[in-house]
Amino acid sequence: MQISDSILGLGKSKEALQHVLMAKQEQHTPTFQTYLNARQFYINGIIREIEGGRSKHSEALEFTYRAKNIIDSLEGYTYFKFQISNRLYHQLGYLIKWKESYNEAKLCLNYYLDTLSIKTPDGLALIDDLGYINKQLGDYQKSLEFYDQSMAIYREEWPEEKWDIAMNNIRIADNYRILGMRRSEYNVLNELENYCKDPEPTLEYFIKTKCYSGLAKWYTYYGDIDEAERYLFKQKKLIESYPPDYAKVNEKEQRERTAFLNLYADFIEFYIKIDNYKKANDYLNKYRDYLLNKKLLGKYDVRHEALFHYYNFKIEKASYEDKKEHLLKAIEVADYYKEEFHLDSNPYKIELLELLVKNKDYPTATSILKELNGAEELRTLEKFILYSNGYKIHEGLGDLKAAEDFAIKAFSSLTISENAEEFQKSIPIDSLKPIYTTKVVDYLLDMSSFLNRNAQKLHGKKSISASKNIGYLASQIFDKLYLETEYTQTLSDLYSKIKIQLLQNVSSESNTTDITNTLEALENNYGKQTWYKYTYQQTKPLWEIPDSLISREEDLTNLVRYYHKTIYNDDYLATDIDTLRIRLSEATSDLDKLQDAIRENFGNYTSHSKPNFSLVDFQEKLRKKDAVLKYFVSDDTIHLFLIDTYDIRYYSLSNSNDILNIVSEINRGFEDHLSELPNIHSLNTLLPRDITNSKYENVTIIADGELNNFPFEIIFWNEEINNNMSEITINYAESLLLYQEQLKQDVVNSPSVGLFTHNYSGQESLPSVSKEIDAISKYFQTHVHRDFSSDSLLTKAKNYDMLHFALHAEVSNDPSASFFSLGNERFYINSFYNENLPASLAVLSACDTGTGKYIEGDGLKSISRAFHSAGVPSTLVSLWEVDDYSTSKIITGFYKYLKEGHNKAEALKKAKIDYLNNTQMSELKHPYYWAGIVLIGNKEAIVEHNTFSSKTIALLSLLIITIGGGIIISKKNLRQSFK
């Protein structure tokens with residue numbers, strides 16, 4: 001039998017079978033004869049398996065099971081039992097019987113461990129297979145556990161097995177992607193890229209291609225289009241440089257063909273994702289030519305043939321019927337090759353079902369639903385989408401009971417227990433199968449909306465409760481998907497949908513728990529990039545970072561700034577722009593990786609940790625007379641949450657449309673310098689009565705949508721009653737989470753001001769700056785900089801407690817293009833995003849510094865935000881093109897009151913009141929001249945408040961008696977004066 005085993009090991013199964021048949025003709029013990037019978041069936045199974053195709057695999061499975069039944073009757077033969085079990089789980093897997101495959105693979109592992117160590121290559125391959133099978137079962141967490149186990153052993157025992165280590169990295173990254181652990185996915189892919197720098201050919205050409213493909217998809221998902229495209233072209237360059245001897249002659253054509261088909265598929269998906277259908281069509285044509293000009297060679301080719309029709313469906317801007325036809329062709333190809341090449345048409349059928357439901361073709365959709373309902377081979381996500389479309393079909397047909405049944409089935413398919421009773425319960429996200437995708441979020445929100453709008457026809461409050469719980473789960477999944485990066489359009493659209501649905505489920509009659517849960521969910525879904533950068537710059541000085549890393553970070557920061565400045569200043573030859581953008585992308589990526597490493601190794605939180613907003617923690621930071629107004633604009637409705645240190649209240653403004661129209665008109669009026677404004681006091685409903693009744697001393701506004709550019713304090717302005725602006729002070733903030741961090745600020749002893757201006761000429765001149773400088777210098781130690789370059793500005797700005805920029809600014813719809821004008825030079829605001837500015841306050845005495853591109857879910861990309869990203873907790877900014885004279889007067893007064901120890905919000909209000917009281921011309925009292933200057937962020941005082949009043953100081957001077965050159969102070973009278 002040793003000869004048979006050796007021949008079988010060489011892949012000569014039919015010859016091995018002949019040796020077994022010859023051995024059976026000889027005389028053997030009954031036990032050995034039984035073993036030979038089992039071996040005969042075992043090898044027959046292998047022969048059928050090699051012949052390929054679904055039917056042959058079914059025959060192979062029958063032969064292998066017969067071998068198993070025979071050998072199980074014998075004691076011993078453990079290794080042969082392991083071999084049979086090994087073939088069984090592979091054959092079961094091929095036939096999509098993953099549960100049976102998993103059970104057999106576990107048995108196989110037990111057989112193996114009876115005789116051999118798990119640390120052998122075969123043992124590790126078995127663990128990897130268990131990881132793969134669990135992935136097919138949809139248990140990605142358990143799959144990860146197996147992959148992590150084998151990876152640890154590979155690194156320790158078999159570090160030379162680079163192929164296996166690299167393949168495990170690819171599998172692990174894919175699982176992280178499916179689980180929504182996108183940061184972990186990136187870390188693994190980044191490690192893989194570094195690992196693949198080894199020049200070993202197999203890693204250089206196959207694994208590296210896989211790595212670049214994964215990174216391109218990761219960057220596409222998070223909206224870094226330049227970086228995604230760069231990796232796609234790196235992948236293309238690598239494939240085009242395959243050496244002649246990288247594969248065997250009989251494999252070379254197929255490998256090259258597969259590599260290019262995969263590459264073109266990646267390009268098509270990328271350009272579809274970013275809505276560049278022209279380029280997607282270009283690559284679709286290349287894709288088609290590759291498929292048509294060559295003979296189909298295997299299952300990968302027929303898979304691409306089906307994908308070709310699918311991509312036509314995705315990019316074709318044709319009629320509904322044409323789109324349906326493309327999907328039907330993809331299904332036809334997949335079904336035709338299902339037996340031979342094990343293709344799966346279900347994903348295309350699910351896409352067809354979605355198309356039919358979207359176009360309300362319910363009769364046709366019903367037939368697809370019936371066909372797929374109960375199909376064993378459907379994965380968890382496919383079942384969820386299937387059942388979700390099931391309730392949409394039945395709702396469209398008017399059968400709400402059947403619709404609810406499908407909604408329950410859809411939700412239950414996502415839960416670990418698959419228990420229908422959990423539909424009505426508030427369950428934690430850990431109760432769900434970890435399939436975190438934007439599609440799951442989208443469908444859960446649709447389900448929440450379905451229950452809400454049909455609540456009265458279903459189960460009333462129970463349906464409302466289920467709607468809320470499902471909405472919260474969708475929000476939590478979104479939070480797992482979102483990293484502390486810029487919002488992509490996909491994330492922005494999804495946040496908007498979350499906002500609409502969660503706010504739909506709350507009302508003025510909601511209890512405190514529901515109001516709190518809604519606010520916390522929305523805040524945790526809000527953009528966190530500014531928070532991420534702010535906390536990094538604020539805490540980094542406290543970390544013990546090696547000088548080498550600090551130096552490396554400075555080099556990369558300078559490199560990013562150089563490439564950015566070169567591109568936006570047009571300081572390049574036309575042919576160099578693509579190269580420069582690639583280099584900028586690479587330098588930015590390297591800087592992000594380095595900062596992640598610094599955070600993880602030297603900070604008090606890792607790159608995997610995420611901030612979690614807690615209302616209770618936030619309220620503890622507020623003072624007794626503080627209130628925060630958090631606004632949401634959704635579906636033309638203004639929603640308002642009032643937060644103080646004791647309570648939270650919710651308001652839905654009934655006349656929201658009228659308010660938004662007036663706000664929009666006012667904002668346009670300020671932008672166009674119009675003197676007449678609509679009835680401002682009709683906007684009183686924007687503020688709750690507790691605010692207008694002066695229950696609070698300070699109000700922090702966190703606006704949304706059109707409200708972002710609106711100066712709320714004009715609601716208090718009363719021109720007829722001595723310009724009274726009430727006793728309330730107002731400041732603004734970007735988000736609750738960021739404001740919570742910005743509240744952590746200490747007073748500064750003898751703060752210094754770094755003032756940056758430029759000698760503009762002609763119409764650009766700022767005539768009031770000189771007076772402004774003189775006035776500020778009376779209150780604070782001021783260092784004036786007039787002659788400086790964009791590079792030296794950054795160096796100088798790091799030396800002061802307060803920064804003042806009296807410069808012209810230009811705000812672009814592309815945030816990267818906004819800049820301060822330095823005469824013949826531009827300082828791009830983007831440069832601040834990776835810098836550390838120790839200042840407590842930045843006064844941006846320039847136009848439009850508080851405005852910028854608005855991104856739903858991420859707020860305004862303003863010049864002010866750049867300073868917050870650099871670690872500055874407070875900014876004084878303008879909301880429109882402010883007047884030079886009035887701005888100078890107000891800012892001068894602002895510094896005066898800061899010096900006296902007033903908090904920043906009080907100082908700004910007092911400065912504005914002084915301006916109004918001391919201005920004679922009524923035209924100059926118009927809000928255009930004073931309301932556009934606002935405080936964003938921390939409102940606390942810069943210096944200690946001076947508790948001595950002017951009367952007390954005068955009285956003290958009278959109590960000082962000079963005798964013989966000495967000074968005697970009456971302590972008794974001094975104490976009385978304090979009283």
# chains A, B, ... in the order shown; residues from 1 in each chain; ligands from 1
$ residues_around --residues "A:Lys528" --least-positions-apart "6" --cutoff "10 Å" --atoms "only C-alpha atoms" --output "count of residues only"
14
$ residues_around --residues "stretch 552-559 of chain A" --least-positions-apart "4" --cutoff "8 Å" --atoms "only C-alpha atoms" --output "list in words"
Ser548, Tyr563, Leu584, Ala587, Thr588, Asp590, Leu591, Leu594, Gln595, Asn834 and Glu835 of chain A
$ write_last_selection --atoms "N, CA, C and O atoms" --output "PDB file, in the first residue's frame"
ATOM      1  N   SER A 548      13.316  60.952  17.026  1.00  0.00           N
ATOM      2  CA  SER A 548      13.365  60.482  15.635  1.00  0.00           C
ATOM      3  C   SER A 548      11.971  60.494  15.005  1.00  0.00           C
ATOM      4  O   SER A 548      11.814  60.846  13.831  1.00  0.00           O
ATOM      5  N   TYR A 563       3.984  69.816  -1.451  1.00  0.00           N
ATOM      6  CA  TYR A 563       3.261  69.301  -2.623  1.00  0.00           C
ATOM      7  C   TYR A 563       1.924  70.023  -2.782  1.00  0.00           C
ATOM      8  O   TYR A 563       1.520  70.368  -3.902  1.00  0.00           O
ATOM      9  N   LEU A 584       1.737  63.743  -3.370  1.00  0.00           N
ATOM     10  CA  LEU A 584       0.990  64.321  -2.258  1.00  0.00           C
ATOM     11  C   LEU A 584       0.188  63.234  -1.544  1.00  0.00           C
ATOM     12  O   LEU A 584       0.171  63.171  -0.306  1.00  0.00           O
ATOM     13  N   ALA A 587       2.607  61.008   0.478  1.00  0.00           N
ATOM     14  CA  ALA A 587       3.125  61.688   1.673  1.00  0.00           C
ATOM     15  C   ALA A 587       2.039  61.822   2.732  1.00  0.00           C
ATOM     16  O   ALA A 587       2.291  61.619   3.930  1.00  0.00           O
ATOM     17  N   THR A 588       0.804  62.145   2.306  1.00  0.00           N
ATOM     18  CA  THR A 588      -0.307  62.256   3.248  1.00  0.00           C
ATOM     19  C   THR A 588      -0.593  60.911   3.900  1.00  0.00           C
ATOM     20  O   THR A 588      -0.825  60.827   5.112  1.00  0.00           O
ATOM     21  N   ASP A 590       1.538  58.421   4.306  1.00  0.00           N
ATOM     22  CA  ASP A 590       2.642  58.104   5.224  1.00  0.00           C
ATOM     23  C   ASP A 590       2.508  58.880   6.538  1.00  0.00           C
ATOM     24  O   ASP A 590       2.793  58.350   7.617  1.00  0.00           O
ATOM     25  N   LEU A 591       2.069  60.131   6.441  1.00  0.00           N
ATOM     26  CA  LEU A 591       1.891  60.952   7.647  1.00  0.00           C
ATOM     27  C   LEU A 591       0.761  60.397   8.520  1.00  0.00           C
ATOM     28  O   LEU A 591       0.901  60.306   9.744  1.00  0.00           O
ATOM     29  N   LEU A 594       1.995  57.322  10.283  1.00  0.00           N
ATOM     30  CA  LEU A 594       2.921  57.649  11.370  1.00  0.00           C
ATOM     31  C   LEU A 594       2.157  58.175  12.578  1.00  0.00           C
ATOM     32  O   LEU A 594       2.431  57.783  13.724  1.00  0.00           O
ATOM     33  N   GLN A 595       1.193  59.067  12.359  1.00  0.00           N
ATOM     34  CA  GLN A 595       0.421  59.613  13.477  1.00  0.00           C
ATOM     35  C   GLN A 595      -0.416  58.538  14.153  1.00  0.00           C
ATOM     36  O   GLN A 595      -0.578  58.547  15.381  1.00  0.00           O
ATOM     37  N   ASN A 834      -2.220  69.742   9.958  1.00  0.00           N
ATOM     38  CA  ASN A 834      -1.267  68.790  10.532  1.00  0.00           C
ATOM     39  C   ASN A 834      -0.264  69.459  11.465  1.00  0.00           C
ATOM     40  O   ASN A 834       0.758  68.874  11.802  1.00  0.00           O
ATOM     41  N   GLU A 835      -0.575  70.697  11.873  1.00  0.00           N
ATOM     42  CA  GLU A 835       0.330  71.431  12.756  1.00  0.00           C
ATOM     43  C   GLU A 835      -0.185  71.421  14.190  1.00  0.00           C
ATOM     44  O   GLU A 835      -1.346  71.104  14.449  1.00  0.00           O
TER      45      GLU A 835
END
$ residues_around --residues "A:Ala842" --least-positions-apart "2" --cutoff "9 Å" --atoms "only C-alpha atoms" --output "ChimeraX atom specification"
/A:801-805,839-840,844,864,867,872-877
$ write_last_selection --atoms "N, CA and C atoms" --output "PDB file, in the first residue's frame"
ATOM      1  N   ASP A 801       0.350  82.742  22.877  1.00  0.00           N
ATOM      2  CA  ASP A 801      -0.833  82.243  23.574  1.00  0.00           C
ATOM      3  C   ASP A 801      -2.115  82.611  22.830  1.00  0.00           C
ATOM      4  N   MET A 802      -2.050  83.730  22.109  1.00  0.00           N
ATOM      5  CA  MET A 802      -3.178  84.143  21.276  1.00  0.00           C
ATOM      6  C   MET A 802      -2.650  84.528  19.902  1.00  0.00           C
ATOM      7  N   LEU A 803      -3.449  84.225  18.879  1.00  0.00           N
ATOM      8  CA  LEU A 803      -3.069  84.562  17.507  1.00  0.00           C
ATOM      9  C   LEU A 803      -4.102  85.524  16.927  1.00  0.00           C
ATOM     10  N   HIS A 804      -3.609  86.503  16.182  1.00  0.00           N
ATOM     11  CA  HIS A 804      -4.502  87.474  15.556  1.00  0.00           C
ATOM     12  C   HIS A 804      -4.077  87.627  14.097  1.00  0.00           C
ATOM     13  N   PHE A 805      -5.023  87.366  13.174  1.00  0.00           N
ATOM     14  CA  PHE A 805      -4.724  87.457  11.747  1.00  0.00           C
ATOM     15  C   PHE A 805      -5.573  88.563  11.138  1.00  0.00           C
ATOM     16  N   ALA A 839      -1.743  77.956  20.941  1.00  0.00           N
ATOM     17  CA  ALA A 839      -2.556  79.121  21.309  1.00  0.00           C
ATOM     18  C   ALA A 839      -3.913  78.702  21.874  1.00  0.00           C
ATOM     19  N   SER A 840      -4.442  79.538  22.793  1.00  0.00           N
ATOM     20  CA  SER A 840      -5.773  79.308  23.366  1.00  0.00           C
ATOM     21  C   SER A 840      -6.869  79.969  22.538  1.00  0.00           C
ATOM     22  N   LEU A 844      -9.565  85.658  13.853  1.00  0.00           N
ATOM     23  CA  LEU A 844      -9.414  85.662  12.402  1.00  0.00           C
ATOM     24  C   LEU A 844     -10.131  86.883  11.850  1.00  0.00           C
ATOM     25  N   SER A 864     -11.950  78.418  10.199  1.00  0.00           N
ATOM     26  CA  SER A 864     -11.965  78.205  11.642  1.00  0.00           C
ATOM     27  C   SER A 864     -11.660  76.763  11.986  1.00  0.00           C
ATOM     28  N   PHE A 867      -8.027  75.733  12.389  1.00  0.00           N
ATOM     29  CA  PHE A 867      -7.376  76.088  13.654  1.00  0.00           C
ATOM     30  C   PHE A 867      -7.785  75.128  14.770  1.00  0.00           C
ATOM     31  N   VAL A 872      -6.318  74.515  18.584  1.00  0.00           N
ATOM     32  CA  VAL A 872      -6.744  75.794  19.165  1.00  0.00           C
ATOM     33  C   VAL A 872      -8.205  75.659  19.606  1.00  0.00           C
ATOM     34  N   PRO A 873      -8.520  75.853  20.901  1.00  0.00           N
ATOM     35  CA  PRO A 873      -9.881  75.601  21.385  1.00  0.00           C
ATOM     36  C   PRO A 873     -10.901  76.686  21.055  1.00  0.00           C
ATOM     37  N   SER A 874     -10.455  77.918  20.728  1.00  0.00           N
ATOM     38  CA  SER A 874     -11.388  79.022  20.466  1.00  0.00           C
ATOM     39  C   SER A 874     -10.962  79.791  19.227  1.00  0.00           C
ATOM     40  N   THR A 875     -11.962  80.193  18.441  1.00  0.00           N
ATOM     41  CA  THR A 875     -11.682  81.076  17.303  1.00  0.00           C
ATOM     42  C   THR A 875     -12.731  82.175  17.270  1.00  0.00           C
ATOM     43  N   LEU A 876     -12.295  83.367  16.916  1.00  0.00           N
ATOM     44  CA  LEU A 876     -13.197  84.486  16.667  1.00  0.00           C
ATOM     45  C   LEU A 876     -13.209  84.696  15.159  1.00  0.00           C
ATOM     46  N   VAL A 877     -14.377  84.551  14.531  1.00  0.00           N
ATOM     47  CA  VAL A 877     -14.439  84.511  13.071  1.00  0.00           C
ATOM     48  C   VAL A 877     -15.540  85.414  12.551  1.00  0.00           C
TER      49      VAL A 877
END
$ atom_distance --atom1 "atom CA of A:Ile942" --atom2 "atom CA of A:Leu766"
27.1 Å
$ residues_around --residues "A:Lys695" --least-positions-apart "5" --cutoff "10 Å" --atoms "only C-alpha atoms" --output "number ranges by chain"
A: 625-627, 689-690, 727-728
$ atom_distance --atom1 "atom CA of A:Thr782" --atom2 "atom CA of A:Thr795"
16.6 Å
$ closest_residue --among "A:Thr851, A:Asn824, A:Thr887, A:Asn511" --to "A:Gly705" --atoms "only C-alpha atoms"
A:Thr851
$ residues_around --residues "stretch 315-331 of chain A" --least-positions-apart "5" --cutoff "12 Å" --atoms "only C-alpha atoms" --output "ChimeraX atom specification"
/A:268-284,302-310,336-338,343-361,364-365,368
$ closest_residue --among "A:Phe712, A:Tyr779, A:Tyr532, A:Tyr885" --to "A:Leu935" --atoms "only C-alpha atoms"
A:Phe712
